[in-house]
Amino acid sequence: MTPSAPGAAAQPLSQAVLEQAANWYAVLRDGKADPHERADWQAWLREDEAHRAAWRYVEGISSNFESLRGQPEARLAADTLNTAARRLARRRLMAGAAVVFTGGLLGAMAWREESLPASVMALGAGHHTATGEQREITLADGTRLWLNTGSAINVHFDEHHRVVELLQGEVFIDTASDATRPFLVTTRHGRMQALGTRFNVRRDATQTRLSVYEGAVSVQAAASGATRIVPAGQQTGFAAGRIDATTAADQAREAWTRGALVADNISLSEVVEELRRYHPGHLGVADEVAQIKVYGSFPIEDTDRVLHMLAAALPIRIEQPMPWWTRIEAGR
């Protein structure tokens with residue numbers, strides 16, 4: 001899988017076009033390009049929207065501007081939006097609204113999901129991780145959870161419910177027992193209720209994926225209201241209007257909590273797709289080697305080390321023409 005062009009209907013950008021954009025950036029970045037080179041670059045941009053999208057992607061990756069997460073005004077704005085949503089939730093509860101998926105606290109959270117981008121909400125989240133960072137957290141009830149790279153959650157506990165709101169990324173949860181308060185995890189796609197369990201939840205733009213390792217989890221889709229109980233050893237994906245059939249749980253979705261990326265007969269392109277979540281900058285793979293099968297366990301906290309391990313075991317080489325641009329090519 002290659003990076004996508006910006007926009008709601010974005011299409012994946014080809015590795016060849018991305019490399020062309022990176023080469024143009026390398027030519028132009030020092031400001032010494034002659035008029036003919038700049039004219040050729042402008043002509044390349046005009047040829048295709050994919051060229052312009054790739055150029056925007058390269059510019060974004062190479063940007064030296066500080067992340068929005070670190071800017072006080074962005075943090076303040078996100079905190080204000082989150083505070084407003086929490087106040088709305090309390091008003092609904094005080095008005096006597098039932099705390100079900102379509103009302104009360106969960107209804108307020110759903111309203112916020114529809115109204116605000118996940119990236120904005122993540123800025124003001126109660127707990128979050130940066131790219132390549134993982135955190136272990138113990139909640140007030142003794143529940144343990146692990147946040148994976150680039151993830152964000154809010155935690156809402158009251159006398160009736162325990163709710164973890166996954167705003168983006170991935171979380172692994174080992175729930176503590178509480179006979180009076182159900183443990184819920186919500187995303188924009190639906191709600192999960194733990195039935196005494198250990199489970200993993202990963203959210204992306206189109207769906208939420210649930211893998212269960214102990215106990216069981218009840219899933220309810222946000223729009224259709226469809227429900228399914230997922231037992232230990234099974235996983236499913238769901239969106240607002242559907243819940244997929246269950247399949248065997250992927251053990252890799254538990255291994256990351258131990259700092260490992262487990263590859264068991266998966267393609268190099270799949271390994272790279274997972275590494276991108278932890279790797280700062282661009283990471284690409286040539287089509288010629290993308291389908292090579294990979295086996296092994298790799299230390300996810302050090303993506304450079306993983307790349308060197310792959311290069312030592314496979315017929316590939318690692319190229320890094322710029323510090324923030326890494327690509328995997330066929331070996332010599």
# chains A, B, ... in the order shown; residues from 1 in each chain; ligands from 1
call {"tool": "residues_around", "arguments": {"residues": "Arg209 of chain A", "least_positions_apart": "4", "cutoff": "7 Å", "atoms": "only C-alpha atoms", "output": "short mmCIF file (atom, residue, chain, number, x, y, z; two decimals) with N, CA and C atoms, in the first residue's frame"}}
result
data_model
loop_
_atom_site.label_atom_id
_atom_site.label_comp_id
_atom_site.auth_asym_id
_atom_site.auth_seq_id
_atom_site.Cartn_x
_atom_site.Cartn_y
_atom_site.Cartn_z
N VAL A 201 -8.30 -2.93 19.87
CA VAL A 201 -9.16 -2.15 18.99
C VAL A 201 -8.28 -1.23 18.15
N ARG A 202 -8.45 -1.29 16.83
CA ARG A 202 -7.71 -0.42 15.92
C ARG A 202 -8.69 0.29 15.01
N ARG A 203 -8.55 1.59 14.96
CA ARG A 203 -9.48 2.42 14.18
C ARG A 203 -8.73 3.10 13.05
N THR A 236 -13.04 -9.20 14.16
CA THR A 236 -13.99 -8.72 13.16
C THR A 236 -13.66 -7.27 12.84
N GLY A 237 -14.18 -6.80 11.71
CA GLY A 237 -14.13 -5.40 11.37
C GLY A 237 -15.55 -4.88 11.25
N PHE A 238 -15.75 -3.61 11.58
CA PHE A 238 -17.10 -3.06 11.45
C PHE A 238 -17.04 -1.58 11.13
#
call {"tool": "closest_atom_pairs", "arguments": {"of": "segment 125-220 of chain A", "to": "segment 294-314 of chain A", "cutoff": "10 Å", "atoms": "only C-alpha atoms", "output": "JSON lines"}}
result
{"residue": "A:Gly132", "atom": "CA", "partner": "A:Glu301", "partner_atom": "CA", "distance": 6.4}
{"residue": "A:Glu133", "atom": "CA", "partner": "A:Glu301", "partner_atom": "CA", "distance": 7.6}
{"residue": "A:Gln134", "atom": "CA", "partner": "A:Glu301", "partner_atom": "CA", "distance": 8.4}
{"residue": "A:Thr149", "atom": "CA", "partner": "A:Glu301", "partner_atom": "CA", "distance": 9.5}
call {"tool": "write_last_selection", "arguments": {"atoms": "C-alpha atoms", "output": "PDB file, in the first residue's frame"}}
result
ATOM      1  CA  GLY A 132       6.741   5.701  17.176  1.00  0.00           C
ATOM      2  CA  GLU A 133       5.641   6.102  20.811  1.00  0.00           C
ATOM      3  CA  GLN A 134       3.800   3.525  22.939  1.00  0.00           C
ATOM      4  CA  THR A 149       1.836   4.717  17.919  1.00  0.00           C
TER       5      THR A 149
END
call {"tool": "select_by_dssp", "arguments": {"residues": "segment 189-304 of chain A", "states": "helix (DSSP H, G or I)", "output": "list in words"}}
result
Ala252, Arg253, Glu254, Ala255, Trp256, Thr257, Arg258, Leu268, Ser269, Glu270, Val271, Val272, Glu273, Glu274, Leu275, Thr303 and Asp304 of chain A
call {"tool": "atom_distance", "arguments": {"atom1": "atom CA of Val217 of chain A", "atom2": "atom CA of Arg276 of chain A"}}
result
28.9 Å
call {"tool": "closest_residue", "arguments": {"among": "A:Thr326, A:Ser267, A:Ser177, A:Thr129", "to": "Trp146 of chain A", "atoms": "only C-alpha atoms"}}
result
A:Thr129
call {"tool": "residues_around", "arguments": {"residues": "Val17 of chain A", "least_positions_apart": "4", "cutoff": "10 Å", "atoms": "only C-alpha atoms", "output": "list of chain:residue names"}}
result
A:Leu13, A:Ala21, A:Ala22, A:Asn23, A:Ala50, A:His51, A:Arg52, A:Ala53, A:Ala54, A:Trp55
call {"tool": "write_last_selection", "arguments": {"atoms": "C-alpha atoms", "output": "PDB file, in the first residue's frame"}}
result
ATOM      1  CA  LEU A  13      -0.017   7.393  -5.200  1.00  0.00           C
ATOM      2  CA  ALA A  21       8.458  14.008  -6.770  1.00  0.00           C
ATOM      3  CA  ALA A  22      11.271  13.235  -4.323  1.00  0.00           C
ATOM      4  CA  ASN A  23      13.857  13.590  -7.085  1.00  0.00           C
ATOM      5  CA  ALA A  50      -1.130  12.704  -9.379  1.00  0.00           C
ATOM      6  CA  HIS A  51       2.125  14.649  -9.853  1.00  0.00           C
ATOM      7  CA  ARG A  52       0.732  17.601  -7.932  1.00  0.00           C
ATOM      8  CA  ALA A  53      -0.583  15.327  -5.165  1.00  0.00           C
ATOM      9  CA  ALA A  54       2.803  13.587  -4.901  1.00  0.00           C
ATOM     10  CA  TRP A  55       4.552  16.962  -4.691  1.00  0.00           C
TER      11      TRP A  55
END
call {"tool": "atom_distance", "arguments": {"atom1": "atom CA of Phe172 of chain A", "atom2": "atom CA of Arg198 of chain A"}}
result
7.5 Å
call {"tool": "atom_distance", "arguments": {"atom1": "atom CA of Arg188 of chain A", "atom2": "atom CA of Arg277 of chain A"}}
result
20.7 Å
call {"tool": "closest_residue", "arguments": {"among": "A:Gly259, A:Gly281, A:Gly196, A:Gly169", "to": "Ala232 of chain A", "atoms": "only C-alpha atoms"}}
result
A:Gly196
